[in-house]
Amino acid sequence: MKLAILGGGGFRVPLVHGAVLDQMGPEDGTRIDEIWLHDVSSERLDTMVRVLRGQVAGRPGAPSLHATISLPEAVAGADFVFSAIRVSGLEGRCCDERVALDMGLLGQETTGAGGLIYGLRTLPEAMRIARVVAEEAPGAWVINFTNPAGMITQAMQQVLGPRVIGICDSPIGLGRRAAQALGLDPAATRFGYSGLNHLGWLQSLTVQGRDVLPDLLARPDLLKGTEEGRLFGPEWLGMLGAIPNEYLYYYYFNRDAVAAIRGAAETRGEYLRRTQAQFYRDAAASDDPYRVWVEAHHGRDASYMAEARAEGEERDEADMAAGGYEGVAVAIMRAISAGERASIILNVRNGSALAGLPADAVVEVPCVVDGSGPVPLEPEQLTGHMLGLTATVKECEMGIISAAESGSDAEAIRALAIHPLVDSATSAKKLLAGYRAAIPEVEAVFSGR
């Protein structure tokens, strides 16, 4: 089988490559024979090829490795396409953050104004990718990790239908941590999670037909041992009666988050821009670029969502070691290629899964995946403020999709204005003007370039 990785010069590619090496093989019909990396930067591709070759050193039977700046060549005849692109690069991400922060609003990659603008400029390229895949590899399954994952997946499904699956490691990590806090085996526990990408809640944790989440919520001592317990505080989780996705910190503690980010020496995007530039320089000059990558990756992982942690508090080592989105991607590929049944939380077409949301909306819910692809299981329904917040944010996402298709600044302003973390038509106009001035790819959406 052929796997194409779009954004193939990206820093996290060795995670997917390593998971393929470790978990897909000829003995069960899931072997990947060739991996094609695609990127717009030939220099990044060259560096990443050297990193991956170091990763397979001493491992016989590894997939053949190819690199190309030609998208049609990369995806032609592919069985799976993994998409993790970043339109405008980290320079764009820094602008996503700073334009909003300069107005006193949250500047974050996928949440709020920054996330909507990131989606706006990414959508034209995502749709181009979808059309090329439809032409060159009509039977391929597209596994989308490009953020904002729900919005991008929904747009690409307009071309490729349900063969586009959005993935994220956040909800699976949340469920795993909750189960382990109670001493349970996550594999034997059903996670009652539902919402949108980076906007969902764990509302139940079922073992042998019994919901044990209330037991966890009643134990502040156990909650404090989890990332979410430290992030939100046991008292707030008890008030909610659920455990939110970590990105809901930016909603429930918005003022705190904005103050912490504005008070830091650099934003997350600026940190990544600095450290990744150093990594690519070091890796290009090193005789062992894979070792350089391993060291850089540990530092990047440990600093994730640092603005939400207390001073001196570090991310849990066991949680970092448990793996993330690369495991989700490989689980999907294994389930489809071998016909294995797997239960995974994914971003898929809603249909009738979550009441109160459009049928064509992409939602994040537990699914069963086999050779036919994913099918949503009966999820926990959203009610009250959870449903209200989810419906509003989904309408914002759909407005941005429409704006990217039409080039209408009015549609983009409306989507920004109704977002709960913007909540002002005046601010929305200023935000869009700021982003158009700062990021050429945003201006291109409206000028037709």
# chains A, B, ... in the order shown; residues from 1 in each chain; ligands from 1
$ residues_around --residues "Val133 (chain A)" --least-positions-apart "5" --cutoff "8 Å" --atoms "only C-alpha atoms" --output "MDAnalysis selection string"
chainID A and resid 72 75:76 138 140
$ write_last_selection --atoms "all heavy atoms" --output "PDB file, in the first residue's frame"
ATOM      1  N   PRO A  72       0.323  16.045  -7.383  1.00  0.00           N
ATOM      2  CA  PRO A  72      -0.217  14.889  -8.116  1.00  0.00           C
ATOM      3  C   PRO A  72       0.678  13.662  -8.034  1.00  0.00           C
ATOM      4  O   PRO A  72       0.190  12.535  -7.881  1.00  0.00           O
ATOM      5  CB  PRO A  72      -0.332  15.408  -9.554  1.00  0.00           C
ATOM      6  CG  PRO A  72      -0.487  16.881  -9.414  1.00  0.00           C
ATOM      7  CD  PRO A  72       0.386  17.249  -8.238  1.00  0.00           C
ATOM      8  N   VAL A  75       0.315  11.916  -4.481  1.00  0.00           N
ATOM      9  CA  VAL A  75      -0.921  11.211  -4.131  1.00  0.00           C
ATOM     10  C   VAL A  75      -1.344  10.177  -5.163  1.00  0.00           C
ATOM     11  O   VAL A  75      -2.246   9.367  -4.882  1.00  0.00           O
ATOM     12  CB  VAL A  75      -2.084  12.200  -3.894  1.00  0.00           C
ATOM     13  CG1 VAL A  75      -1.720  13.204  -2.816  1.00  0.00           C
ATOM     14  CG2 VAL A  75      -2.500  12.896  -5.170  1.00  0.00           C
ATOM     15  N   ALA A  76      -0.736  10.156  -6.340  1.00  0.00           N
ATOM     16  CA  ALA A  76      -1.176   9.251  -7.408  1.00  0.00           C
ATOM     17  C   ALA A  76      -1.197   7.804  -6.928  1.00  0.00           C
ATOM     18  O   ALA A  76      -0.190   7.264  -6.482  1.00  0.00           O
ATOM     19  CB  ALA A  76      -0.255   9.394  -8.612  1.00  0.00           C
ATOM     20  N   PRO A 138      -8.800   8.286  -6.513  1.00  0.00           N
ATOM     21  CA  PRO A 138     -10.213   8.340  -6.103  1.00  0.00           C
ATOM     22  C   PRO A 138     -10.598   7.323  -5.046  1.00  0.00           C
ATOM     23  O   PRO A 138     -11.609   7.495  -4.363  1.00  0.00           O
ATOM     24  CB  PRO A 138     -10.965   8.098  -7.422  1.00  0.00           C
ATOM     25  CG  PRO A 138      -9.979   7.401  -8.309  1.00  0.00           C
ATOM     26  CD  PRO A 138      -8.645   7.966  -7.942  1.00  0.00           C
ATOM     27  N   ALA A 140      -8.668   6.605  -2.443  1.00  0.00           N
ATOM     28  CA  ALA A 140      -7.882   6.852  -1.228  1.00  0.00           C
ATOM     29  C   ALA A 140      -8.762   7.321  -0.079  1.00  0.00           C
ATOM     30  O   ALA A 140      -9.789   7.967  -0.280  1.00  0.00           O
ATOM     31  CB  ALA A 140      -6.813   7.898  -1.506  1.00  0.00           C
TER      32      ALA A 140
END
$ select_by_dssp --residues "region 61-239 of chain A" --states "helix (DSSP H, G or I)" --output "ChimeraX atom specification"
/A:71-75,89-101,113-136,149-163,170-181,186-188,213-217,220-223,227-232,234-239
$ closest_residue --among "A:Asp96, A:Gln208, A:Phe80, A:Leu182" --to "Ala437 (chain A)" --atoms "only C-alpha atoms"
A:Asp96
$ residues_around --residues "region 257-270 of chain A" --least-positions-apart "3" --cutoff "6 Å" --atoms "only C-alpha atoms" --output "list in words"
Arg93, Cys94, Leu106, Asn254, Arg273 and Glu307 of chain A
$ write_last_selection --atoms "N, CA and C atoms" --output "mmCIF file, in the first residue's frame"
data_model
loop_
_atom_site.group_PDB
_atom_site.id
_atom_site.type_symbol
_atom_site.label_atom_id
_atom_site.label_comp_id
_atom_site.auth_asym_id
_atom_site.auth_seq_id
_atom_site.Cartn_x
_atom_site.Cartn_y
_atom_site.Cartn_z
ATOM 1 N N ARG A 93 1.005 31.696 11.617
ATOM 2 C CA ARG A 93 0.494 31.400 12.957
ATOM 3 C C ARG A 93 0.820 32.536 13.920
ATOM 4 N N CYS A 94 2.015 33.083 13.828
ATOM 5 C CA CYS A 94 2.378 34.202 14.713
ATOM 6 C C CYS A 94 1.453 35.392 14.486
ATOM 7 N N LEU A 106 -8.221 36.716 22.451
ATOM 8 C CA LEU A 106 -7.427 35.501 22.427
ATOM 9 C C LEU A 106 -6.767 35.328 21.063
ATOM 10 N N ASN A 254 -11.145 32.517 29.825
ATOM 11 C CA ASN A 254 -10.647 33.331 28.718
ATOM 12 C C ASN A 254 -9.751 34.471 29.180
ATOM 13 N N ARG A 273 8.296 28.941 15.991
ATOM 14 C CA ARG A 273 9.050 29.521 14.875
ATOM 15 C C ARG A 273 10.546 29.558 15.212
ATOM 16 N N GLU A 307 0.813 28.080 28.858
ATOM 17 C CA GLU A 307 0.126 29.243 29.427
ATOM 18 C C GLU A 307 -0.988 28.842 30.394
#
$ atom_distance --atom1 "CA of Trp236 (chain A)" --atom2 "CA of Tyr252 (chain A)"
9.4 Å
$ closest_residue --among "A:Leu21, A:Ala403, A:Ile85, A:Met127" --to "Ser64 (chain A)" --atoms "only C-alpha atoms"
A:Leu21
$ closest_residue --among "A:Leu248, A:Ala335, A:Ala126, A:Ala302" --to "Val159 (chain A)" --atoms "only C-alpha atoms"
A:Ala126
$ residues_around --residues "Pro358 (chain A)" --least-positions-apart "3" --cutoff "12 Å" --atoms "only C-alpha atoms" --output "ChimeraX atom specification"
/A:154,349-355,361-363,390-392,394-395,398
$ atom_distance --atom1 "CA of Phe191 (chain A)" --atom2 "CA of Leu357 (chain A)"
20.8 Å
$ residues_around --residues "Asp39 (chain A)" --least-positions-apart "3" --cutoff "9 Å" --atoms "only C-alpha atoms" --output "list in words"
Ile5, Leu6, Gly7, Gly8, Gly9, Gly10, Ser42, Arg44, Leu45, Ala67, Thr68, Ile69, Ser70, Leu71 and Ile85 of chain A
